[in-house]
Amino acid sequence: MKEWDREVGAQTNIDSSKMRYYSGNVGAREAEIQTEFEIEGLGDLDDFFQKISKVEIHADWGKKMSEYVVSGSSYWEVLHVIE
């Protein structure tokens, strides 16, 4: 994941230094890895998706990770922070 931050995330509008990673522990799937980052709004998320779609290294990274990730198992959840 850190490799993705350096090579792909750095080419987007997301500050990868603020990303946080989680993996299963108690009551969660051990093989699941989650990445968390904050955006200002859905427009930022759309910009992010537009940018990663044009990063050639992103496709290469996905192919390399296919050995570890079950095709079709990744998903996104967009949550709202309540303060």
# chains A, B, ... in the order shown; residues from 1 in each chain; ligands from 1

call {"tool": "select_by_dssp", "arguments": {"residues": "chain A", "states": "strand (DSSP E or B)", "output": "count of residues only"}}
result
8

call {"tool": "closest_residue", "arguments": {"among": "A:Met19, A:Asn25, A:Gly9, A:Ala31", "to": "Val70 in chain A", "atoms": "only C-alpha atoms"}}
result
A:Ala31

call {"tool": "residues_around", "arguments": {"residues": "range 60-62 of chain A", "least_positions_apart": "2", "cutoff": "12 Å", "atoms": "only C-alpha atoms", "output": "PyMOL selection string"}}
result
chain A and resi 1-9+52-58+64-72+74

call {"tool": "select_by_dssp", "arguments": {"residues": "chain A", "states": "alpha helix (DSSP H)", "output": "ChimeraX atom specification"}}
result
/A:2-7,42-53,56-65

call {"tool": "write_last_selection", "arguments": {"atoms": "N, CA and C atoms", "output": "compact mmCIF listing (two decimals), in the first residue's frame"}}
result
# COMPACT_ATOMS: atom_id res chain seq x y z
N LYS A 2 1.95 1.22 0.73
CA LYS A 2 2.85 2.38 0.75
C LYS A 2 3.45 2.62 -0.64
N GLU A 3 3.71 1.53 -1.36
CA GLU A 3 4.22 1.65 -2.73
C GLU A 3 3.19 2.36 -3.59
N TRP A 4 1.91 2.00 -3.43
CA TRP A 4 0.85 2.65 -4.19
C TRP A 4 0.83 4.15 -3.86
N ASP A 5 0.97 4.49 -2.59
CA ASP A 5 1.00 5.90 -2.17
C ASP A 5 2.08 6.67 -2.92
N ARG A 6 3.28 6.08 -2.93
CA ARG A 6 4.42 6.76 -3.55
C ARG A 6 4.28 6.87 -5.06
N GLU A 7 3.84 5.79 -5.69
CA GLU A 7 3.85 5.74 -7.14
C GLU A 7 2.56 6.21 -7.80
N LEU A 42 -17.49 15.34 -2.48
CA LEU A 42 -17.55 14.31 -3.51
C LEU A 42 -16.87 14.74 -4.80
N GLY A 43 -16.77 16.04 -5.03
CA GLY A 43 -16.03 16.54 -6.19
C GLY A 43 -14.57 16.13 -6.12
N ASP A 44 -14.00 16.17 -4.91
CA ASP A 44 -12.61 15.73 -4.72
C ASP A 44 -12.46 14.25 -5.02
N LEU A 45 -13.47 13.46 -4.63
CA LEU A 45 -13.41 12.02 -4.89
C LEU A 45 -13.49 11.76 -6.39
N ASP A 46 -14.36 12.50 -7.07
CA ASP A 46 -14.46 12.36 -8.53
C ASP A 46 -13.14 12.74 -9.19
N ASP A 47 -12.52 13.83 -8.74
CA ASP A 47 -11.20 14.23 -9.26
C ASP A 47 -10.18 13.13 -9.06
N PHE A 48 -10.21 12.52 -7.86
CA PHE A 48 -9.28 11.43 -7.53
C PHE A 48 -9.45 10.27 -8.50
N PHE A 49 -10.70 9.85 -8.73
CA PHE A 49 -10.95 8.74 -9.64
C PHE A 49 -10.52 9.09 -11.07
N GLN A 50 -10.77 10.31 -11.48
CA GLN A 50 -10.36 10.74 -12.82
C GLN A 50 -8.84 10.67 -12.96
N LYS A 51 -8.13 11.11 -11.93
CA LYS A 51 -6.67 11.14 -11.99
C LYS A 51 -6.07 9.73 -11.97
N ILE A 52 -6.57 8.85 -11.09
CA ILE A 52 -5.96 7.51 -11.06
C ILE A 52 -6.26 6.73 -12.33
N SER A 53 -7.36 7.06 -13.00
CA SER A 53 -7.68 6.34 -14.24
C SER A 53 -6.67 6.65 -15.34
N GLU A 56 -0.77 5.37 -15.57
CA GLU A 56 -0.45 4.06 -16.13
C GLU A 56 0.06 3.09 -15.07
N ILE A 57 0.80 3.60 -14.11
CA ILE A 57 1.35 2.75 -13.05
C ILE A 57 0.23 2.11 -12.22
N HIS A 58 -0.93 2.78 -12.13
CA HIS A 58 -2.06 2.24 -11.36
C HIS A 58 -2.52 0.91 -11.95
N ALA A 59 -2.64 0.84 -13.26
CA ALA A 59 -3.04 -0.41 -13.92
C ALA A 59 -1.99 -1.49 -13.71
N ASP A 60 -0.73 -1.11 -13.81
CA ASP A 60 0.36 -2.07 -13.58
C ASP A 60 0.34 -2.59 -12.15
N TRP A 61 0.09 -1.68 -11.21
CA TRP A 61 0.03 -2.06 -9.79
C TRP A 61 -1.11 -3.04 -9.56
N GLY A 62 -2.25 -2.78 -10.20
CA GLY A 62 -3.40 -3.68 -10.07
C GLY A 62 -3.09 -5.07 -10.59
N LYS A 63 -2.38 -5.15 -11.70
CA LYS A 63 -2.00 -6.45 -12.25
C LYS A 63 -1.05 -7.18 -11.31
N LYS A 64 -0.11 -6.44 -10.75
CA LYS A 64 0.85 -7.04 -9.83
C LYS A 64 0.15 -7.56 -8.56
N MET A 65 -0.85 -6.84 -8.09
CA MET A 65 -1.55 -7.22 -6.86
C MET A 65 -2.61 -8.30 -7.10
